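Shown next: upload_28.csv, given as CSV, C-alpha atoms and all ligand atoms.
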chain,number,residue,atom,x,y,z
A,1,MET,CA,-153.1,264.0,260.7
A,2,GLU,CA,-152.4,266.9,263.0
A,3,LEU,CA,-152.5,264.8,266.1
A,4,LEU,CA,-149.9,262.4,264.8
A,5,GLN,CA,-147.6,265.3,263.9
A,6,GLU,CA,-147.9,266.6,267.5
A,7,LYS,CA,-147.3,263.2,268.9
A,8,ILE,CA,-144.1,262.7,266.8
A,9,LEU,CA,-142.8,266.1,268.0
A,10,LYS,CA,-143.6,265.3,271.6
A,11,ASP,CA,-142.6,261.6,271.8
A,12,GLY,CA,-140.4,260.9,268.8
A,13,ARG,CA,-136.6,260.8,269.0
A,14,ILE,CA,-134.3,261.4,266.1
A,15,GLU,CA,-131.3,259.2,265.3
A,16,GLY,CA,-128.9,260.5,262.8
A,17,ASN,CA,-130.4,262.2,259.7
A,18,ASP,CA,-132.9,259.6,258.7
A,19,ILE,CA,-134.3,257.6,261.6
A,20,LEU,CA,-137.3,258.6,263.7
A,21,LYS,CA,-137.7,256.4,266.8
A,22,VAL,CA,-141.3,256.1,268.0
A,23,ASP,CA,-140.7,253.3,270.5
A,24,ASN,CA,-142.6,255.3,273.0
A,25,PHE,CA,-146.0,254.8,271.3
A,26,LEU,CA,-145.7,252.7,268.2
A,27,ASN,CA,-142.7,250.4,268.0
A,28,HIS,CA,-142.2,249.1,271.5
A,29,GLN,CA,-144.5,250.6,274.0
A,30,LEU,CA,-148.0,251.0,272.5
A,31,ASP,CA,-150.3,253.9,273.2
A,32,ILE,CA,-153.7,252.3,272.7
A,33,ALA,CA,-155.8,255.4,272.8
A,34,PHE,CA,-153.6,257.0,270.3
A,35,LEU,CA,-153.6,253.9,268.0
A,36,ASN,CA,-157.3,254.1,268.2
A,37,GLU,CA,-157.2,257.6,266.8
A,38,MET,CA,-155.1,256.5,264.0
A,39,GLY,CA,-157.5,253.6,263.3
A,40,LYS,CA,-160.3,256.2,263.0
A,41,GLU,CA,-158.3,258.2,260.6
A,42,PHE,CA,-157.5,255.2,258.4
A,43,LYS,CA,-161.3,254.5,258.3
A,44,ASN,CA,-161.9,258.1,257.4
A,45,ARG,CA,-159.4,258.0,254.5
A,46,PHE,CA,-160.9,254.7,253.1
A,47,LYS,CA,-164.5,255.3,254.1
A,48,ASP,CA,-165.8,254.9,250.5
A,49,GLU,CA,-164.1,251.5,250.0
A,50,LYS,CA,-165.4,248.1,250.8
A,51,ILE,CA,-162.7,246.3,252.9
A,52,ASP,CA,-162.9,242.6,253.5
A,53,LYS,CA,-159.6,242.2,255.3
A,54,ILE,CA,-156.6,244.1,256.6
A,55,LEU,CA,-153.2,242.8,255.7
A,56,THR,CA,-150.0,243.8,257.5
A,57,ILE,CA,-146.6,242.5,258.3
A,58,GLU,CA,-145.1,241.4,261.6
A,59,ALA,CA,-144.2,242.9,264.0
A,60,SER,CA,-145.1,246.5,264.3
A,61,GLY,CA,-147.9,246.5,261.9
A,62,ILE,CA,-150.0,244.1,263.9
A,63,ALA,CA,-151.0,246.5,266.7
A,64,ILE,CA,-152.0,249.3,264.2
A,65,ALA,CA,-154.0,246.9,262.0
A,66,SER,CA,-155.8,245.2,265.0
A,67,ILE,CA,-157.0,248.4,266.4
A,68,ALA,CA,-157.9,249.9,263.0
A,69,SER,CA,-160.0,246.8,262.2
A,70,GLN,CA,-162.5,247.8,264.9
A,71,HIS,CA,-163.3,250.9,262.7
A,72,PHE,CA,-163.8,248.7,259.6
A,73,GLY,CA,-166.4,246.5,261.2
A,74,ASN,CA,-164.0,244.1,262.8
A,75,VAL,CA,-162.7,242.7,259.6
A,76,PRO,CA,-160.0,240.0,260.0
A,77,VAL,CA,-156.4,241.1,260.3
A,78,VAL,CA,-153.8,238.9,258.6
A,79,PHE,CA,-150.2,239.5,259.3
A,80,ALA,CA,-147.5,238.3,256.9
A,81,LYS,CA,-144.8,236.3,258.6
A,82,LYS,CA,-141.1,237.2,258.4
A,83,VAL,CA,-139.9,234.9,261.1
A,84,GLU,CA,-139.5,231.2,260.2
A,85,SER,CA,-142.2,229.2,261.9
A,86,LYS,CA,-142.6,225.5,262.2
A,87,ASN,CA,-146.4,225.9,262.6
A,88,LEU,CA,-147.0,227.8,259.4
A,89,ASP,CA,-149.1,225.9,256.8
A,90,LYS,CA,-147.1,224.3,254.0
A,91,GLU,CA,-149.3,226.0,251.4
A,92,VAL,CA,-148.2,229.6,251.4
A,93,TYR,CA,-147.9,232.7,249.2
A,94,GLU,CA,-144.3,233.8,249.5
A,95,THR,CA,-142.3,236.8,248.3
A,96,LYS,CA,-138.9,238.3,248.9
A,97,VAL,CA,-138.4,241.7,250.4
A,98,TYR,CA,-135.1,243.6,250.4
A,99,SER,CA,-134.5,245.6,253.5
A,100,PHE,CA,-132.1,248.6,253.1
A,101,THR,CA,-132.0,249.0,256.9
A,102,LYS,CA,-130.8,245.4,257.3
A,103,GLY,CA,-128.9,245.2,254.0
A,104,LYS,CA,-130.4,241.8,253.2
A,105,GLU,CA,-133.4,240.1,251.6
A,106,TYR,CA,-135.9,238.2,253.7
A,107,SER,CA,-138.8,236.0,252.9
A,108,VAL,CA,-142.4,237.0,253.7
A,109,LYS,CA,-145.2,234.4,253.8
A,110,VAL,CA,-149.0,234.1,254.3
A,111,SER,CA,-150.9,230.9,254.4
A,112,LYS,CA,-153.1,230.4,251.3
A,113,ARG,CA,-156.0,229.9,253.7
A,114,TYR,CA,-156.1,233.5,254.7
A,115,LEU,CA,-155.9,235.4,251.4
A,116,ASN,CA,-158.5,234.6,248.9
A,117,GLU,CA,-159.5,235.4,245.3
A,118,GLY,CA,-161.7,238.4,245.0
A,119,GLU,CA,-161.2,239.7,248.5
A,120,ASN,CA,-160.7,243.5,249.0
A,121,ILE,CA,-157.6,244.0,250.9
A,122,LEU,CA,-156.3,247.1,252.8
A,123,VAL,CA,-152.6,247.0,253.6
A,124,LEU,CA,-151.7,248.9,256.8
A,125,ASP,CA,-148.2,249.4,258.2
A,126,ASP,CA,-146.3,251.7,260.6
A,127,PHE,CA,-143.6,253.1,258.4
A,128,LEU,CA,-143.1,253.6,254.7
A,129,ALA,CA,-139.4,254.1,253.8
A,130,ASN,CA,-138.3,252.5,250.5
A,131,GLY,CA,-141.6,250.8,250.1
A,132,ARG,CA,-140.2,247.3,249.7
A,133,ALA,CA,-142.4,245.8,252.4
A,134,ALA,CA,-145.5,247.3,250.9
A,135,ILE,CA,-144.7,246.0,247.5
A,136,GLY,CA,-144.0,242.6,248.9
A,137,LEU,CA,-147.5,242.6,250.5
A,138,LYS,CA,-149.0,243.7,247.2
A,139,ASP,CA,-147.3,240.7,245.6
A,140,LEU,CA,-148.9,238.4,248.1
A,141,VAL,CA,-152.3,239.9,247.4
A,142,ASP,CA,-151.8,239.6,243.6
A,143,GLN,CA,-150.7,235.9,244.0
A,144,ALA,CA,-154.0,235.2,245.8
A,145,GLY,CA,-156.0,236.9,243.1
A,146,ALA,CA,-157.3,239.4,245.7
A,147,ASN,CA,-157.7,243.1,245.1
A,148,LEU,CA,-155.5,245.6,246.8
A,149,VAL,CA,-157.7,248.6,247.7
A,150,GLY,CA,-154.8,250.7,249.0
A,151,VAL,CA,-152.0,251.1,251.4
A,152,GLY,CA,-152.4,253.0,254.7
A,153,ILE,CA,-149.2,254.1,256.5
A,154,ALA,CA,-148.8,255.8,259.9
A,155,ILE,CA,-145.5,257.5,259.2
A,156,GLU,CA,-144.1,258.0,255.7
A,157,LYS,CA,-140.5,259.1,255.2
A,158,GLY,CA,-141.1,261.4,252.3
A,159,PHE,CA,-137.4,261.8,251.5
A,160,GLN,CA,-137.2,258.1,250.6
A,161,GLU,CA,-138.5,256.4,247.5
A,162,GLY,CA,-141.5,254.5,248.8
A,163,ARG,CA,-144.3,256.8,247.6
A,164,GLU,CA,-142.8,257.0,244.1
A,165,LEU,CA,-142.5,253.2,243.9
A,166,LEU,CA,-146.1,252.6,245.1
A,167,LEU,CA,-147.6,255.2,242.8
A,168,SER,CA,-145.7,253.9,239.9
A,169,LYS,CA,-147.5,250.6,240.4
A,170,GLY,CA,-150.9,252.3,240.6
A,171,ILE,CA,-151.3,251.8,244.3
A,172,ARG,CA,-153.5,254.2,246.3
A,173,LEU,CA,-151.3,255.5,249.2
A,174,GLU,CA,-152.7,257.2,252.4
A,175,SER,CA,-150.1,258.3,255.0
A,176,LEU,CA,-151.2,259.9,258.2
A,177,ALA,CA,-148.0,261.9,258.6
A,178,ILE,CA,-145.3,262.6,256.0
A,179,LEU,CA,-141.8,263.5,257.0
A,180,ASP,CA,-140.1,265.8,254.6
A,181,SER,CA,-136.8,265.8,256.4
A,182,ILE,CA,-135.3,265.1,259.8
A,183,GLU,CA,-132.0,267.0,259.4
A,184,ASN,CA,-130.0,268.3,262.3
A,185,GLY,CA,-132.5,267.2,264.8
A,186,VAL,CA,-135.3,269.1,263.2
A,187,ILE,CA,-138.4,267.4,261.9
A,188,LYS,CA,-140.2,269.0,258.9
A,189,PHE,CA,-143.6,267.7,257.8
A,190,ARG,CA,-145.0,267.9,254.3
B,201,LIG,P1,-139.2,249.6,253.3
B,201,LIG,O1,-140.0,248.3,253.6
B,201,LIG,O2,-140.1,250.8,253.3
B,201,LIG,O3,-138.3,249.4,252.1
B,201,LIG,O4,-138.3,249.8,254.6
B,201,LIG,P2,-136.8,249.4,255.1
B,201,LIG,O5,-136.5,248.1,254.6
B,201,LIG,O6,-135.9,250.5,254.8
B,201,LIG,O7,-137.2,249.4,256.6
B,201,LIG,C1,-137.0,248.2,257.4
B,201,LIG,C2,-137.6,248.3,258.8
B,201,LIG,O8,-137.2,249.6,259.4
B,201,LIG,C3,-139.1,248.3,258.8
B,201,LIG,O9,-139.5,247.7,260.0
B,201,LIG,C4,-139.5,249.8,258.8
B,201,LIG,O10,-140.8,249.9,259.4
B,201,LIG,C5,-138.4,250.3,259.7
B,201,LIG,N1,-138.1,251.7,259.5
B,201,LIG,C6,-137.6,252.4,258.4
B,201,LIG,N2,-137.3,253.7,258.7
B,201,LIG,C7,-137.7,253.8,260.0
B,201,LIG,C8,-137.6,255.0,260.9
B,201,LIG,O11,-137.2,256.1,260.5
B,201,LIG,N3,-138.0,254.7,262.1
B,201,LIG,C9,-138.5,253.5,262.6
B,201,LIG,N4,-138.9,253.5,263.9
B,201,LIG,N5,-138.6,252.5,261.8
B,201,LIG,C10,-138.2,252.6,260.5
B,201,LIG,P3,-139.3,246.1,260.2
B,201,LIG,O12,-137.9,245.6,260.1
B,201,LIG,O13,-140.3,245.5,259.3
B,201,LIG,O14,-139.7,245.9,261.7
B,201,LIG,P4,-140.9,245.9,262.6
B,201,LIG,O15,-140.9,247.2,263.4
B,201,LIG,O16,-142.2,245.8,261.8
B,201,LIG,O17,-140.8,244.7,263.5
B,202,NA,NA,-143.5,247.5,259.8
B,203,NA,NA,-141.0,249.0,261.8

Please, can you express the file's structure as structure tokens?
Amino acid sequence: MELLQEKILKDGRIEGNDILKVDNFLNHQLDIAFLNEMGKEFKNRFKDEKIDKILTIEASGIAIASIASQHFGNVPVVFAKKVESKNLDKEVYETKVYSFTKGKEYSVKVSKRYLNEGENILVLDDFLANGRAAIGLKDLVDQAGANLVGVGIAIEKGFQEGRELLLSKGIRLESLAILDSIENGVIKFR
């Protein structure tokens, strides 16, 4: 997505050799008009699929998924919870996700009410790095007996192993922008 590449070059900031900060429009401040363009593009990529629900993970995926839903006929958006919550139902699907960034494993949960057998689920998220969050979401979909239609990602870090991991599990992956490298302050797209 040309527009996203331009946006990254204009508003993104690089940290070290492997982190792209996009707080300006995606991870802290939200550019709604721009998120809407990304939503349109996700719909375009998955236009031939029947989608019953969008699944994402808190926090940053929620905004992307919510706006994208409006291009998929306002299907419900379910976000998996990472943060312990007293109010979460007792009956949950749960999986463990290892975060390289944080160097630890965390638990991800969705109430059994909100993922059901036979539903066609599209997973959306902001970043794909090592793919562990996406695989965790696939595990929740599998536990529910639902059907994972594919994974849509705003920004894929092509120099990390996420794509390989997802494709090895037969998952359809659509990324709106793929970073080949961010070395010495220079961003290269695939
Ligand atoms: P993985 O799921 O692909 O294996 O990713 P990893 O554990 O490495 O990443 C952990 C968190 O860091 C995720 O957000 C991910 O979106 C984010 N992340 C990874 N690389 C980058 C990057 O270059 N730039 C930015 N801005 N974020 C990156 P999270 O902890 O789930 O947080 P949230 O933003 O959803 O709250
Ligand atoms: Na995320
Ligand atoms: Na994130």

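Shell of A:Asp48 at 12 Å, with all atoms listed in the file counted and residues fewer than 5 places along the chain excluded, is Phe42, Lys43, Phe72, Val149 and Gly150 of chain A.
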
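Of the listed residues (A:Asp11, A:Asp89, A:Glu94, A:Glu37), A:Asp11 comes nearest to ligand LIG 201 (chain B); the distances count only C-alpha atoms and all ligand atoms.
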
(message) Calculated over only C-alpha atoms, which of the candidates A:Met38, A:Leu88, A:Leu166, A:Ile155 has the smallest distance to A:Lys21?
(response) A:Ile155

Distance table requested - stretch 72-134 of chain A against stretch 50-62 of chain A, cut-off 7 Å, all atoms listed in the file: one row per qualifying residue with the closest atom pair and its distance in Å to one decimal, ordered by chain and rising residue number, as CSV.
residue,atom,partner,partner_atom,distance
A:Val75,CA,A:Lys53,CA,5.3
A:Pro76,CA,A:Lys53,CA,5.2
A:Val77,CA,A:Ile54,CA,4.8
A:Val78,CA,A:Leu55,CA,4.9
A:Phe79,CA,A:Thr56,CA,4.7
A:Ala80,CA,A:Ile57,CA,4.5
A:Lys81,CA,A:Glu58,CA,5.9
A:Lys82,CA,A:Glu58,CA,6.6
A:Glu119,CA,A:Asp52,CA,6.0
A:Asn120,CA,A:Asp52,CA,5.1
A:Ile121,CA,A:Lys53,CA,5.2
A:Leu122,CA,A:Ile54,CA,4.9
A:Val123,CA,A:Leu55,CA,4.7
A:Leu124,CA,A:Thr56,CA,5.4
A:Asp125,CA,A:Gly61,CA,4.7
A:Asp126,CA,A:Gly61,CA,5.6

Would you put the residues from that selection into a file with C-alpha atoms, as a PDB file, keeping the file's coordinate frame?
ATOM      1  CA  VAL A  75    -162.700 242.700 259.600  1.00  0.00           C
ATOM      2  CA  PRO A  76    -160.000 240.000 260.000  1.00  0.00           C
ATOM      3  CA  VAL A  77    -156.400 241.100 260.300  1.00  0.00           C
ATOM      4  CA  VAL A  78    -153.800 238.900 258.600  1.00  0.00           C
ATOM      5  CA  PHE A  79    -150.200 239.500 259.300  1.00  0.00           C
ATOM      6  CA  ALA A  80    -147.500 238.300 256.900  1.00  0.00           C
ATOM      7  CA  LYS A  81    -144.800 236.300 258.600  1.00  0.00           C
ATOM      8  CA  LYS A  82    -141.100 237.200 258.400  1.00  0.00           C
ATOM      9  CA  GLU A 119    -161.200 239.700 248.500  1.00  0.00           C
ATOM     10  CA  ASN A 120    -160.700 243.500 249.000  1.00  0.00           C
ATOM     11  CA  ILE A 121    -157.600 244.000 250.900  1.00  0.00           C
ATOM     12  CA  LEU A 122    -156.300 247.100 252.800  1.00  0.00           C
ATOM     13  CA  VAL A 123    -152.600 247.000 253.600  1.00  0.00           C
ATOM     14  CA  LEU A 124    -151.700 248.900 256.800  1.00  0.00           C
ATOM     15  CA  ASP A 125    -148.200 249.400 258.200  1.00  0.00           C
ATOM     16  CA  ASP A 126    -146.300 251.700 260.600  1.00  0.00           C
TER      17      ASP A 126
END

If we count all atoms listed in the file, what is near A:Leu140 at a cut-off of 8 Å, once residues fewer than 5 positions away on the same chain are taken out, given as a PDB file with C-alpha atoms, keeping the file's coordinate frame?
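As written to disk, result11.pdb reads:
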ATOM      1  CA  TYR A  93    -147.900 232.700 249.200  1.00  0.00           C
ATOM      2  CA  GLU A  94    -144.300 233.800 249.500  1.00  0.00           C
ATOM      3  CA  THR A  95    -142.300 236.800 248.300  1.00  0.00           C
ATOM      4  CA  LYS A 109    -145.200 234.400 253.800  1.00  0.00           C
ATOM      5  CA  VAL A 110    -149.000 234.100 254.300  1.00  0.00           C
TER       6      VAL A 110
END

Dump the neighbourhood of ligand LIG 201 (chain B) as a tab-separated table (two decimals) with C-alpha atoms, in the coordinates of the input: all residues within 8 Å, distances computed on all atoms listed in the file.
chain	number	residue	atom	x	y	z
A	18	ASP	CA	-132.90	259.60	258.70
A	19	ILE	CA	-134.30	257.60	261.60
A	20	LEU	CA	-137.30	258.60	263.70
A	21	LYS	CA	-137.70	256.40	266.80
A	22	VAL	CA	-141.30	256.10	268.00
A	23	ASP	CA	-140.70	253.30	270.50
A	27	ASN	CA	-142.70	250.40	268.00
A	57	ILE	CA	-146.60	242.50	258.30
A	58	GLU	CA	-145.10	241.40	261.60
A	59	ALA	CA	-144.20	242.90	264.00
A	60	SER	CA	-145.10	246.50	264.30
A	61	GLY	CA	-147.90	246.50	261.90
A	97	VAL	CA	-138.40	241.70	250.40
A	98	TYR	CA	-135.10	243.60	250.40
A	99	SER	CA	-134.50	245.60	253.50
A	100	PHE	CA	-132.10	248.60	253.10
A	101	THR	CA	-132.00	249.00	256.90
A	102	LYS	CA	-130.80	245.40	257.30
A	125	ASP	CA	-148.20	249.40	258.20
A	126	ASP	CA	-146.30	251.70	260.60
A	127	PHE	CA	-143.60	253.10	258.40
A	128	LEU	CA	-143.10	253.60	254.70
A	129	ALA	CA	-139.40	254.10	253.80
A	130	ASN	CA	-138.30	252.50	250.50
A	131	GLY	CA	-141.60	250.80	250.10
A	132	ARG	CA	-140.20	247.30	249.70
A	133	ALA	CA	-142.40	245.80	252.40
A	134	ALA	CA	-145.50	247.30	250.90
A	157	LYS	CA	-140.50	259.10	255.20
A	162	GLY	CA	-141.50	254.50	248.80

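Nearest residue to ligand NA 203 (chain B) among A:Lys47, A:Ile153, A:His71, A:Asn36 is A:Ile153, counting all atoms listed in the file.
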
(message) Just to confirm, what's the straight-line distance from atom CA of A:Asn74 to atom CA of A:Ser107 in Å (one decimal)?
(response) 28.3 Å

(request) To one decimal in Å, tell me the separation between atom CA of A:Glu117 and atom CA of A:Leu137. (result)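 About the pair atom CA of A:Glu117 and atom CA of A:Leu137: they are 14.9 Å apart.
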
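In this comparison, which uses only C-alpha atoms, the residue of A:Leu148, A:Leu30, A:Ala65, A:Leu115 approaching A:Glu49 most closely is A:Leu148.
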
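The space separating atom CA of A:Gln29 from atom CA of A:Ala63 comes to 10.6 Å.
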
(request) Rank A:Val92, A:Asn87, A:Lys40, A:Asn116 by their smallest atom-to-atom distance to A:Asp142, using only C-alpha atoms, and report the top residue only. (result)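 Answer, going by the shortest atom-to-atom distance: A:Asn116.
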
(message) Could you list, as a ChimeraX atom specification, every residue within 9 Å of A:Lys188, counting all atoms listed in the file and ignoring same-chain residues fewer than 4 positions away?
(response) /A:178-183

(message) Here is a test: counting all atoms listed in the file, which residue of A:Ala154, A:Val186, A:Ile14, A:Leu167 is nearest to ligand NA 202 (chain B)?
(response)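 That would be A:Ala154, the residue with the smallest distance to ligand NA 202 (chain B).
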
(message) Residues near A:Gly118, anyone? I mean within 8 Å using all atoms listed in the file, not counting same-chain ones fewer than 6 positions away, as a list in words.
(response) Gly145, Ala146 and Asn147 of chain A

Could you model N, CA and C atoms for stretch 162-176 of chain A and present them as an mmCIF file, in the frame of the given file?
data_model
loop_
_atom_site.group_PDB
_atom_site.id
_atom_site.type_symbol
_atom_site.label_atom_id
_atom_site.label_comp_id
_atom_site.auth_asym_id
_atom_site.auth_seq_id
_atom_site.Cartn_x
_atom_site.Cartn_y
_atom_site.Cartn_z
ATOM 1 N N GLY A 162 -140.337 255.328 248.739
ATOM 2 C CA GLY A 162 -141.500 254.500 248.800
ATOM 3 C C GLY A 162 -142.731 254.969 248.066
ATOM 4 N N ARG A 163 -143.078 256.248 248.244
ATOM 5 C CA ARG A 163 -144.300 256.800 247.600
ATOM 6 C C ARG A 163 -144.178 256.649 246.064
ATOM 7 N N GLU A 164 -143.037 257.034 245.531
ATOM 8 C CA GLU A 164 -142.800 257.000 244.100
ATOM 9 C C GLU A 164 -143.018 255.535 243.569
ATOM 10 N N LEU A 165 -142.449 254.595 244.314
ATOM 11 C CA LEU A 165 -142.500 253.200 243.900
ATOM 12 C C LEU A 165 -143.983 252.711 243.930
ATOM 13 N N LEU A 166 -144.708 253.031 244.984
ATOM 14 C CA LEU A 166 -146.100 252.600 245.100
ATOM 15 C C LEU A 166 -146.983 253.228 244.013
ATOM 16 N N LEU A 167 -146.811 254.540 243.837
ATOM 17 C CA LEU A 167 -147.600 255.200 242.800
ATOM 18 C C LEU A 167 -147.338 254.726 241.438
ATOM 19 N N SER A 168 -146.078 254.387 241.197
ATOM 20 C CA SER A 168 -145.700 253.900 239.900
ATOM 21 C C SER A 168 -146.394 252.558 239.567
ATOM 22 N N LYS A 169 -146.818 251.865 240.599
ATOM 23 C CA LYS A 169 -147.500 250.600 240.400
ATOM 24 C C LYS A 169 -149.049 250.795 240.525
ATOM 25 N N GLY A 170 -149.476 252.059 240.547
ATOM 26 C CA GLY A 170 -150.900 252.300 240.600
ATOM 27 C C GLY A 170 -151.575 252.093 241.922
ATOM 28 N N ILE A 171 -150.784 252.059 242.978
ATOM 29 C CA ILE A 171 -151.300 251.800 244.300
ATOM 30 C C ILE A 171 -151.795 253.070 244.971
ATOM 31 N N ARG A 172 -152.992 253.052 245.551
ATOM 32 C CA ARG A 172 -153.500 254.200 246.300
ATOM 33 C C ARG A 172 -152.737 254.212 247.679
ATOM 34 N N LEU A 173 -152.124 255.347 247.998
ATOM 35 C CA LEU A 173 -151.300 255.500 249.200
ATOM 36 C C LEU A 173 -151.916 256.563 250.119
ATOM 37 N N GLU A 174 -152.198 256.234 251.378
ATOM 38 C CA GLU A 174 -152.700 257.200 252.400
ATOM 39 C C GLU A 174 -151.736 257.168 253.565
ATOM 40 N N SER A 175 -151.008 258.241 253.814
ATOM 41 C CA SER A 175 -150.100 258.300 255.000
ATOM 42 C C SER A 175 -150.643 259.322 255.956
ATOM 43 N N LEU A 176 -150.639 258.964 257.233
ATOM 44 C CA LEU A 176 -151.200 259.900 258.200
ATOM 45 C C LEU A 176 -150.263 261.019 258.566
#
